[in-house]
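Shown next: start-v1.cif, containing mmCIF, C-alpha atoms.
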```cif
data_work
loop_
_atom_site.label_atom_id
_atom_site.label_comp_id
_atom_site.auth_asym_id
_atom_site.auth_seq_id
_atom_site.Cartn_x
_atom_site.Cartn_y
_atom_site.Cartn_z
CA MET I 65 -53.92 -46.83 -0.44
CA LEU I 66 -55.64 -49.20 -2.88
CA LYS I 67 -57.24 -47.39 -5.80
CA LYS I 68 -60.58 -47.97 -7.50
CA PRO I 69 -61.28 -47.00 -11.11
CA ASN I 70 -63.24 -43.70 -11.13
CA TYR I 71 -65.97 -44.72 -13.59
CA ILE I 72 -68.43 -42.20 -12.10
CA LYS I 73 -66.09 -39.32 -12.80
CA LEU I 74 -65.63 -40.50 -16.37
CA LEU I 75 -69.39 -40.75 -16.90
CA ALA I 76 -69.90 -37.27 -15.43
CA ILE I 77 -67.35 -35.81 -17.84
CA ALA I 78 -68.95 -37.56 -20.80
CA PHE I 79 -72.45 -36.42 -19.80
CA SER I 80 -71.29 -32.81 -19.36
CA PHE I 81 -69.64 -32.88 -22.77
CA ILE I 82 -72.81 -34.14 -24.45
CA ILE I 83 -74.86 -31.27 -22.98
CA ILE I 84 -72.34 -28.60 -24.02
CA TYR I 85 -71.86 -30.30 -27.40
CA VAL I 86 -75.59 -30.20 -28.19
CA LEU I 87 -75.82 -26.60 -26.95
CA LEU I 88 -72.99 -25.43 -29.21
CA LEU I 89 -74.47 -27.23 -32.21
CA SER I 90 -77.87 -25.62 -31.53
CA ILE I 91 -76.32 -22.14 -31.37
CA LEU I 92 -74.37 -22.82 -34.58
CA ILE I 93 -77.56 -23.88 -36.39
CA LYS I 94 -79.47 -20.82 -35.18
CA ILE I 95 -76.75 -18.44 -36.36
CA GLU I 96 -76.16 -20.12 -39.74
CA ALA I 97 -79.76 -20.91 -40.68
CA ALA I 98 -80.65 -17.17 -40.99
CA HIS I 99 -78.04 -16.59 -43.72
CA PRO I 100 -79.29 -17.04 -47.31
CA GLN I 101 -76.10 -18.86 -48.41
CA ALA I 102 -75.93 -21.11 -45.34
CA ASN I 103 -75.33 -24.84 -45.85
CA ILE I 104 -75.68 -25.75 -42.16
CA LYS I 105 -79.41 -25.56 -41.65
CA SER I 106 -80.33 -28.59 -39.51
CA PHE I 107 -78.99 -30.58 -36.59
CA ASP I 108 -77.90 -33.32 -38.99
CA ASP I 109 -75.87 -30.78 -40.97
CA ALA I 110 -74.22 -29.42 -37.81
CA LEU I 111 -73.47 -32.92 -36.52
CA TRP I 112 -71.89 -33.94 -39.83
CA PHE I 113 -69.80 -30.76 -39.88
CA SER I 114 -68.54 -31.45 -36.33
CA ILE I 115 -67.64 -35.05 -37.11
CA VAL I 116 -65.66 -34.40 -40.29
CA THR I 117 -63.94 -31.43 -38.63
CA LEU I 118 -62.91 -33.24 -35.44
CA THR I 119 -61.73 -36.31 -37.34
CA THR I 120 -59.65 -33.99 -39.57
CA VAL I 121 -61.31 -35.42 -42.68
CA GLY I 122 -62.60 -31.99 -43.71
CA TYR I 123 -64.66 -32.69 -46.85
CA GLY I 124 -65.58 -29.00 -47.07
CA ASP I 125 -69.15 -29.78 -48.14
CA LEU I 126 -70.50 -28.12 -44.98
CA HIS I 127 -68.98 -25.12 -43.28
CA PRO I 128 -70.02 -21.93 -41.44
CA VAL I 129 -70.47 -18.92 -43.73
CA THR I 130 -71.06 -16.22 -41.08
CA ASP I 131 -68.45 -14.64 -38.84
CA GLN I 132 -70.43 -15.66 -35.75
CA GLY I 133 -70.76 -19.21 -37.10
CA ARG I 134 -67.02 -19.49 -37.67
CA LEU I 135 -66.45 -18.19 -34.13
CA PHE I 136 -68.73 -20.81 -32.59
CA GLY I 137 -67.21 -23.44 -34.87
CA SER I 138 -63.76 -22.56 -33.49
CA ILE I 139 -65.03 -22.63 -29.89
CA PHE I 140 -66.65 -25.96 -30.56
CA LEU I 141 -63.46 -27.36 -32.09
CA ILE I 142 -61.20 -26.16 -29.24
CA PHE I 143 -63.65 -27.41 -26.59
CA SER I 144 -63.93 -30.81 -28.26
CA LEU I 145 -60.18 -31.23 -28.55
CA GLY I 146 -59.84 -30.36 -24.86
CA PHE I 147 -62.52 -32.84 -23.98
CA TYR I 148 -60.84 -35.60 -25.94
CA GLY I 149 -57.62 -34.88 -24.09
CA VAL I 150 -59.39 -35.17 -20.72
CA LEU I 151 -61.32 -38.25 -21.83
CA ILE I 152 -58.22 -40.03 -23.10
CA GLY I 153 -56.40 -39.10 -19.89
CA GLN I 154 -59.22 -40.53 -17.76
CA ILE I 155 -59.39 -43.73 -19.81
CA THR I 156 -55.62 -44.11 -19.49
CA ASN I 157 -55.85 -43.61 -15.72
CA ILE I 158 -58.62 -46.21 -15.45
CA MET I 159 -56.67 -48.72 -17.53
CA ASN I 160 -53.58 -48.14 -15.40
CA THR I 161 -55.65 -48.51 -12.22
CA VAL I 162 -57.20 -51.77 -13.45
CA LYS I 163 -53.73 -53.08 -14.36
CA GLU I 164 -52.31 -52.00 -11.00
CA ASN I 165 -55.20 -53.57 -9.08
CA LYS I 166 -54.68 -56.86 -10.90
CA LYS I 167 -50.98 -56.73 -10.07
CA LEU I 168 -51.76 -56.06 -6.39
CA GLY I 169 -54.19 -59.00 -6.27
CA LEU I 170 -57.42 -57.03 -5.88
CA ASP I 171 -59.10 -59.13 -8.57
CA GLY I 172 -58.80 -62.13 -6.24
CA THR I 173 -57.99 -65.75 -7.04
CA SER I 174 -60.01 -68.89 -7.62
CA PHE I 175 -57.40 -71.18 -6.01
CA THR I 176 -58.84 -73.96 -3.84
CA ASN I 177 -57.11 -76.42 -1.52
CA HIS I 178 -54.13 -74.10 -1.70
CA VAL I 179 -51.66 -72.70 0.82
CA VAL I 180 -52.09 -69.15 2.10
CA MET I 181 -48.88 -67.57 3.38
CA ILE I 182 -49.11 -64.43 5.52
CA GLY I 183 -45.87 -62.49 5.17
CA TRP I 184 -42.94 -62.71 2.78
CA SER I 185 -39.32 -63.35 3.74
CA ASP I 186 -36.27 -65.31 2.65
CA PHE I 187 -37.47 -68.22 4.77
CA GLY I 188 -40.91 -67.94 3.20
CA LYS I 189 -39.34 -68.07 -0.25
CA ALA I 190 -37.56 -71.30 0.64
CA VAL I 191 -40.91 -72.79 1.69
CA VAL I 192 -42.64 -71.58 -1.48
CA ASP I 193 -39.83 -73.09 -3.60
CA GLN I 194 -40.64 -76.51 -2.15
CA LEU I 195 -44.39 -76.04 -2.59
CA VAL I 196 -43.97 -74.93 -6.20
CA ALA I 197 -41.76 -77.94 -6.88
CA ALA I 198 -44.55 -80.10 -5.44
CA ASN I 199 -46.99 -78.42 -7.87
CA ARG I 200 -49.02 -76.75 -5.11
CA ASN I 201 -50.81 -73.42 -5.51
CA ILE I 202 -49.86 -70.67 -3.05
CA ALA I 203 -51.45 -67.32 -2.23
CA ILE I 204 -49.04 -64.88 -0.58
CA VAL I 205 -50.16 -61.84 1.42
CA THR I 206 -47.57 -59.10 1.82
CA LYS I 207 -47.75 -55.55 3.13
CA GLU I 208 -44.64 -54.48 1.23
CA LYS I 209 -45.48 -53.36 -2.31
CA ASP I 210 -41.88 -53.92 -3.46
CA ASN I 211 -42.31 -57.64 -2.74
CA ILE I 212 -44.93 -57.95 -5.48
CA ASP I 213 -42.44 -57.50 -8.32
CA ILE I 214 -39.95 -59.81 -6.60
CA ILE I 215 -42.51 -62.60 -6.21
CA HIS I 216 -43.77 -62.21 -9.79
CA GLU I 217 -40.18 -62.43 -11.01
CA TYR I 218 -39.62 -65.74 -9.20
CA TYR I 219 -42.92 -67.53 -9.85
CA SER I 220 -45.66 -67.93 -12.43
CA THR I 221 -48.93 -66.20 -11.57
CA LYS I 222 -50.69 -69.41 -12.58
CA GLN I 223 -49.29 -71.08 -9.46
CA VAL I 224 -48.48 -68.22 -7.08
CA PHE I 225 -51.03 -65.46 -6.38
CA THR I 226 -49.97 -62.33 -4.51
CA LEU I 227 -52.13 -59.89 -2.54
CA PHE I 228 -50.87 -56.52 -1.34
CA SER I 229 -52.64 -55.79 1.94
CA ASP I 230 -52.14 -54.80 5.52
CA TYR I 231 -52.06 -58.04 7.50
CA ASN I 232 -54.79 -56.84 9.84
CA ASN I 233 -57.21 -56.08 7.01
CA PHE I 234 -58.96 -59.41 7.55
CA ASP I 235 -61.92 -58.49 5.35
CA LEU I 236 -59.61 -58.30 2.33
CA LEU I 237 -58.38 -61.85 2.86
CA HIS I 238 -61.35 -63.18 0.92
CA LYS I 239 -59.32 -62.11 -2.13
CA VAL I 240 -56.98 -65.07 -1.47
CA ASN I 241 -60.01 -67.37 -1.13
CA ILE I 242 -58.85 -68.17 2.37
CA ARG I 243 -61.93 -70.19 3.34
CA GLU I 244 -61.10 -72.70 0.59
CA SER I 245 -57.43 -73.03 1.53
CA SER I 246 -55.95 -76.24 2.90
CA ILE I 247 -53.73 -74.45 5.41
CA VAL I 248 -52.59 -70.95 6.44
CA PHE I 249 -48.88 -70.46 7.04
CA VAL I 250 -48.36 -67.47 9.36
CA ASN I 251 -44.90 -66.25 8.40
CA LEU I 252 -44.53 -63.15 10.57
CA LYS I 253 -41.42 -61.92 12.37
CA ASP I 254 -41.72 -63.10 15.98
CA ASP I 255 -43.67 -65.62 18.01
CA THR I 256 -45.78 -63.06 19.86
CA GLU I 257 -46.87 -61.40 16.63
CA LYS I 258 -47.79 -64.79 15.18
CA LEU I 259 -49.86 -65.76 18.23
CA VAL I 260 -51.79 -62.49 18.30
CA TYR I 261 -52.41 -62.72 14.57
CA VAL I 262 -53.79 -66.26 14.75
CA LEU I 263 -56.14 -65.30 17.60
CA ASN I 264 -57.43 -62.28 15.66
CA MET I 265 -57.84 -64.21 12.43
CA LYS I 266 -59.89 -66.92 14.13
CA LYS I 267 -62.43 -64.21 15.06
CA HIS I 268 -63.02 -63.60 11.37
CA TYR I 269 -62.48 -67.04 9.85
CA GLU I 270 -63.41 -70.28 11.56
CA ASN I 271 -62.26 -73.82 10.82
CA LEU I 272 -58.95 -72.84 9.24
CA ASN I 273 -55.82 -74.96 9.61
CA PHE I 274 -52.76 -73.01 10.75
CA VAL I 275 -49.06 -73.78 10.69
CA VAL I 276 -46.39 -71.57 12.27
CA THR I 277 -42.66 -71.82 12.83
CA LEU I 278 -41.43 -70.96 16.31
CA ASP I 279 -38.23 -69.44 17.58
CA ASN I 280 -39.11 -70.63 21.08
CA SER I 281 -40.06 -74.30 21.14
CA ASN I 282 -41.48 -73.90 24.66
CA LEU I 283 -44.46 -72.07 23.15
CA LYS I 284 -45.74 -75.11 21.24
CA SER I 285 -48.48 -75.92 23.72
CA THR I 286 -49.55 -72.27 23.83
CA PHE I 287 -49.97 -72.17 20.06
CA HIS I 288 -51.82 -75.48 20.02
CA SER I 289 -54.19 -74.13 22.67
CA ALA I 290 -54.75 -71.07 20.47
CA GLY I 291 -55.96 -73.30 17.65
CA VAL I 292 -52.77 -73.70 15.63
CA THR I 293 -52.78 -77.07 13.91
CA TYR I 294 -49.04 -77.41 13.52
CA ALA I 295 -46.38 -75.48 15.49
CA VAL I 296 -42.87 -76.25 14.29
CA SER I 297 -39.65 -75.18 15.99
CA LYS I 298 -37.02 -74.21 13.39
CA HIS I 299 -34.18 -74.54 15.87
CA GLU I 300 -35.41 -77.91 17.09
CA ILE I 301 -35.47 -79.35 13.59
CA ALA I 302 -32.09 -77.87 12.72
CA SER I 303 -30.48 -79.14 15.92
CA LYS I 304 -31.85 -82.67 15.42
CA LEU I 305 -30.60 -82.78 11.85
CA LEU I 306 -27.19 -81.42 12.87
CA ALA I 307 -26.86 -83.99 15.67
CA SER I 308 -27.81 -86.70 13.19
CA TYR I 309 -25.06 -85.57 10.82
CA ILE I 310 -22.59 -85.85 13.68
CA PHE I 311 -23.30 -89.42 14.80
CA GLU I 312 -25.25 -90.97 11.89
CA PRO I 313 -24.43 -88.95 8.74
CA ASP I 314 -25.96 -91.42 6.29
CA VAL I 315 -29.28 -91.26 8.10
CA ALA I 316 -29.04 -87.47 8.13
CA VAL I 317 -28.49 -87.34 4.37
CA TYR I 318 -31.51 -89.59 3.85
CA SER I 319 -33.62 -87.55 6.28
CA GLU I 320 -32.81 -84.28 4.54
CA GLU I 321 -33.71 -85.80 1.19
CA ILE I 322 -37.10 -87.13 2.22
CA ILE I 323 -38.31 -83.89 3.80
CA ALA I 324 -37.81 -82.01 0.51
CA TYR I 325 -39.59 -82.48 -2.79
CA PRO I 326 -37.61 -84.91 -5.01
CA GLN I 327 -35.74 -83.12 -7.80
CA THR I 328 -34.66 -86.20 -9.79
CA ASP I 329 -36.35 -89.52 -10.51
CA GLU I 330 -33.99 -91.25 -8.08
CA ASP I 331 -34.63 -88.88 -5.15
CA TYR I 332 -36.93 -90.16 -2.41
CA ASP I 333 -39.66 -88.40 -0.48
CA ILE I 334 -42.40 -89.25 2.01
CA LYS I 335 -45.83 -88.61 0.48
CA GLN I 336 -49.42 -89.01 1.56
CA PHE I 337 -52.35 -89.82 -0.71
CA MET I 338 -55.99 -89.76 0.23
CA VAL I 339 -58.10 -92.85 -0.42
CA LEU I 340 -61.16 -92.02 -2.51
CA ASP I 341 -64.32 -94.07 -2.56
CA ASN I 342 -63.35 -95.89 -5.79
CA ASN I 343 -59.80 -96.69 -4.69
CA PRO I 344 -58.93 -100.41 -5.19
CA PHE I 345 -57.29 -100.47 -1.73
CA LYS I 346 -60.52 -99.51 0.02
CA ASP I 347 -61.67 -102.12 2.60
CA HIS I 348 -58.38 -104.02 2.32
CA PHE I 349 -56.20 -104.75 5.33
CA TYR I 350 -53.13 -102.60 5.88
CA GLU I 351 -50.74 -105.55 5.49
CA LYS I 352 -52.12 -106.45 2.05
CA VAL I 353 -51.92 -102.83 0.90
CA PHE I 354 -48.31 -102.74 2.16
CA PHE I 355 -47.26 -105.63 -0.07
CA ASP I 356 -49.38 -104.51 -3.06
CA LEU I 357 -47.80 -101.06 -3.03
CA LYS I 358 -44.32 -102.53 -2.85
CA LYS I 359 -45.05 -104.95 -5.69
CA GLU I 360 -46.87 -102.54 -8.03
CA PHE I 361 -45.06 -99.25 -7.40
CA ASN I 362 -41.89 -100.15 -5.46
CA VAL I 363 -42.90 -97.87 -2.59
CA VAL I 364 -42.87 -98.55 1.15
CA LEU I 365 -46.05 -97.93 3.14
CA LEU I 366 -45.09 -96.27 6.44
CA GLY I 367 -48.40 -95.50 8.07
CA ILE I 368 -52.04 -94.52 7.74
CA VAL I 369 -54.04 -91.52 8.93
CA LYS I 370 -57.62 -92.09 10.05
CA VAL I 371 -59.89 -89.05 9.77
CA GLY I 372 -63.15 -88.74 11.68
CA ASP I 373 -65.17 -86.21 13.69
CA GLY I 374 -62.82 -83.46 12.55
CA LYS I 375 -59.82 -85.25 14.08
CA ARG I 376 -56.83 -86.93 12.48
CA LYS I 377 -55.03 -89.90 14.03
CA LEU I 378 -51.72 -91.11 12.68
CA HIS I 379 -50.98 -94.84 12.92
CA LYS I 380 -47.27 -95.44 12.36
CA ASN I 381 -46.60 -98.89 10.95
CA PRO I 382 -49.82 -100.25 12.48
CA SER I 383 -50.90 -103.83 12.90
CA GLU I 384 -52.27 -105.78 9.96
CA THR I 385 -55.81 -105.68 11.40
CA ILE I 386 -56.42 -102.05 10.38
CA LYS I 387 -58.54 -101.68 7.26
CA VAL I 388 -58.17 -98.93 4.69
CA ALA I 389 -61.29 -96.77 4.37
CA THR I 390 -62.50 -93.84 2.30
CA GLY I 391 -60.95 -90.60 3.53
CA ASP I 392 -57.87 -92.27 5.01
CA TYR I 393 -54.40 -91.07 4.05
CA LEU I 394 -51.69 -93.57 3.16
CA ILE I 395 -48.18 -92.39 3.99
CA MET I 396 -45.41 -93.91 1.94
CA LEU I 397 -41.76 -93.62 1.01
CA THR I 398 -41.47 -93.13 -2.74
CA ASN I 399 -39.25 -91.73 -5.45
CA LYS I 400 -40.26 -89.17 -8.06
CA THR I 401 -40.92 -91.78 -10.75
CA ALA I 402 -43.42 -93.63 -8.56
CA ILE I 403 -45.16 -90.39 -7.57
CA LYS I 404 -46.35 -89.90 -11.14
CA LYS I 405 -47.85 -93.41 -11.18
CA LEU I 406 -49.41 -93.00 -7.73
CA LYS I 407 -51.20 -89.80 -8.76
CA GLY I 408 -52.90 -91.70 -11.56
CA PHE I 409 -53.72 -94.68 -9.38
CA PHE I 410 -55.15 -92.66 -6.49
CA ALA I 411 -56.77 -90.14 -8.88
CA VAL I 412 -55.80 -87.32 -6.52
CA GLU I 413 -52.86 -85.01 -5.94
CA GLU I 414 -50.52 -85.93 -3.11
CA GLY I 415 -50.78 -84.03 0.15
CA TYR I 416 -53.52 -82.95 2.52
CA ILE I 417 -56.95 -82.15 1.08
CA SER I 418 -59.08 -79.83 3.21
CA GLY I 419 -62.81 -79.99 3.60
CA PHE I 420 -63.12 -83.73 3.02
#
```

Represent the supplied structure as structure tokens.
Amino acid sequence: MLKKPNYIKLLAIAFSFIIIYVLLLSILIKIEAAHPQANIKSFDDALWFSIVTLTTVGYGDLHPVTDQGRLFGSIFLIFSLGFYGVLIGQITNIMNTVKENKKLGLDGTSFTNHVVMIGWSDFGKAVVDQLVAANRNIAIVTKEKDNIDIIHEYYSTKQVFTLFSDYNNFDLLHKVNIRESSIVFVNLKDDTEKLVYVLNMKKHYENLNFVVTLDNSNLKSTFHSAGVTYAVSKHEIASKLLASYIFEPDVAVYSEEIIAYPQTDEDYDIKQFMVLDNNPFKDHFYEKVFFDLKKEFNVVLLGIVKVGDGKRKLHKNPSETIKVATGDYLIMLTNKTAIKKLKGFFAVEEGYISGF
């Protein structure tokens, strides 16, 4: 169970101590003030005596002179020491709870346009490795507390946020800022569990983009009907790549390279960049943009995505009559060196940007 710092309990203890503290000081004053040689005669005197005694300074300028006064002074001292022990224990517990809550993700994250991954696994780690390499922020939801330390060991908290929560606690998902995410990757164990989860989540959060991996490729249409944006069959991809290695190995090597984030300046990848309103390519024909990109950045334009009315349409190597417009995505083959230049030119990070 997730813990909350018990500030009310701490305040109650402090308030109770103050009442008993004042009562003991009042009794001490009443007892001492009647003695002719008393030096504790006022509340200020009693307060000063208590402070120098409890802080172990012990100036000796004020002290009880009666037997009853010494008795109450001892009671006061023992009570105060006990209180300090309880108070320090409560403060320690609160500090530990605050630290634990931060570790478990209860403080939330301010990530936007990030990836939310539901569930942690070895496959999920492989996906996160690629996203981290591409400099994307990821929020991971896991119901296994042991996974928290593992994830924190692998990744920086500046880029990967982790929330410990039951997957069906949909109200707690606001901690991963899920409404501002670009896509939700449902990384649960089996296809049925993934489908049920997507349907339940859509009841709580509308207009989210979902991606799932399927063990059964025949369920693609079912997942699309359920509102999943992208349903990917792991076996289908693996079998296609394996077949390619068998009869066209060079193409297979190239294909494997371009679906992963480039690790060296010479590695190639397929990237997409959104066209902003001040982009120099805006209102230019596709053919001109094709040649300009090749000339300026040595990249190959492969296609363009038109976005409108909440729908996305991919044009693969379209005719030269298509014009580039604000909000379009240009898809291109590029190496790591060119990616750095393209980010500056397009004034935007590569990849899909939600909410545009």

>> Assuming the chain letters and numbering stay as they are in my file, what does the PyMOL selection byres ((chain I and resi 376) around 12) actually select? List them as number ranges by chain.
In response: I: 293, 368-375, 377-379, 391-393, 416, 418, 420

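Minimum distance to Val191 in chain I across I:Ile82, I:Ile323, I:Leu394, I:Ala411 (counting only C-alpha atoms) occurs at I:Ile323.
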
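Candidate residues I:Gly188, I:Asp230, I:Phe175, I:Gly183 were compared for distance to Ile202 in chain I, and the nearest is I:Phe175, using only C-alpha atoms.
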
>> To one decimal place in Å, what is the distance between CA of Leu259 in chain I and CA of Ala290 in chain I?
In response: 7.6 Å

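Applied to this file, the PyMOL selection byres ((chain I and resi 328) around 9) selects Pro326, Gln327, Asp329, Glu330, Asp331, Tyr332, Asn399, Lys400 and Thr401 of chain I.
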
> Hey, what's within 10 Å of Lys166 in chain I if we count all atoms listed in the file and toss same-chain stuff fewer than 6 positions away? As a PyMOL selection string, please?
Replying inline: chain I and resi 160+172+226-227

Could you write out as an mmCIF file with C-alpha atoms, in the coordinates of the input the residues that the PyMOL selection byres ((chain I and resi 294) around 12) matches in the shown file?
```
data_model
loop_
_atom_site.group_PDB
_atom_site.id
_atom_site.type_symbol
_atom_site.label_atom_id
_atom_site.label_comp_id
_atom_site.auth_asym_id
_atom_site.auth_seq_id
_atom_site.Cartn_x
_atom_site.Cartn_y
_atom_site.Cartn_z
ATOM 1 C CA ILE I 247 -53.730 -74.450 5.410
ATOM 2 C CA VAL I 248 -52.590 -70.950 6.440
ATOM 3 C CA PHE I 249 -48.880 -70.460 7.040
ATOM 4 C CA VAL I 250 -48.360 -67.470 9.360
ATOM 5 C CA LEU I 272 -58.950 -72.840 9.240
ATOM 6 C CA ASN I 273 -55.820 -74.960 9.610
ATOM 7 C CA PHE I 274 -52.760 -73.010 10.750
ATOM 8 C CA VAL I 275 -49.060 -73.780 10.690
ATOM 9 C CA VAL I 276 -46.390 -71.570 12.270
ATOM 10 C CA THR I 277 -42.660 -71.820 12.830
ATOM 11 C CA LEU I 278 -41.430 -70.960 16.310
ATOM 12 C CA LEU I 283 -44.460 -72.070 23.150
ATOM 13 C CA LYS I 284 -45.740 -75.110 21.240
ATOM 14 C CA SER I 285 -48.480 -75.920 23.720
ATOM 15 C CA THR I 286 -49.550 -72.270 23.830
ATOM 16 C CA PHE I 287 -49.970 -72.170 20.060
ATOM 17 C CA HIS I 288 -51.820 -75.480 20.020
ATOM 18 C CA SER I 289 -54.190 -74.130 22.670
ATOM 19 C CA ALA I 290 -54.750 -71.070 20.470
ATOM 20 C CA GLY I 291 -55.960 -73.300 17.650
ATOM 21 C CA VAL I 292 -52.770 -73.700 15.630
ATOM 22 C CA THR I 293 -52.780 -77.070 13.910
ATOM 23 C CA ALA I 295 -46.380 -75.480 15.490
ATOM 24 C CA VAL I 296 -42.870 -76.250 14.290
ATOM 25 C CA SER I 297 -39.650 -75.180 15.990
#
```

> Can you list, as a ChimeraX atom specification, every protein, DNA or RNA residue that comes within 7 Å of range 339-351 of chain I when you count only C-alpha atoms, leaving out same-chain residues fewer than 4 positions away?
Replying inline: /I:355,384-393,410

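Interatomic distance, CA of Ala76 in chain I to CA of Leu145 in chain I: 17.4 Å.
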
>> So that I can check the surroundings of Thr173 in chain I, please list as a ChimeraX atom specification every protein, DNA and RNA residue that reaches within 10 Å of it, counting all atoms listed in the file and ignoring chain neighbours fewer than 6 positions away.
In response: /I:203,222,224-227,238-242

May I have the centre and edge lengths, in Å to one decimal, of an axis-aligned box around the listed atoms of range 285-297 of chain I with 8 Å added to every side, as JSON?
```
{"center_x": -47.8, "center_y": -74.2, "center_z": 18.7, "size_x": 32.3, "size_y": 22.3, "size_z": 26.3}
```

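The nearest approach to Phe361 in chain I among the residues I:Ala197, I:Ile334, I:Ala324, I:Leu406, with only C-alpha atoms taken into account, belongs to I:Leu406.
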
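Computed from the coordinates, the CA of Val364 in chain I to CA of Ser246 in chain I distance equals 25.9 Å.
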
>> If we count only C-alpha atoms and set the cut-off at 12 Å, which residues sit around Leu135 in chain I, ignoring sequence neighbours fewer than 5 positions away in its own chain? Please answer as a count of residues only.
In response: 12

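Of the residues under consideration (I:Lys358, I:Lys94, I:Lys163, I:Lys253), I:Lys358 shows the shortest atom-to-atom contact distance to Leu397 in chain I when counting all atoms listed in the file.
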
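Checking I:Leu89, I:Asp109, I:Pro313, I:Ile152 one by one against Gly137 in chain I, counting only C-alpha atoms, you find the shortest gap at I:Leu89.
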
> Taking all atoms listed in the file into account, which of I:Val192, I:Val180, I:Ile212, I:Leu305 comes nearest Lys167 in chain I?
Replying inline: I:Ile212
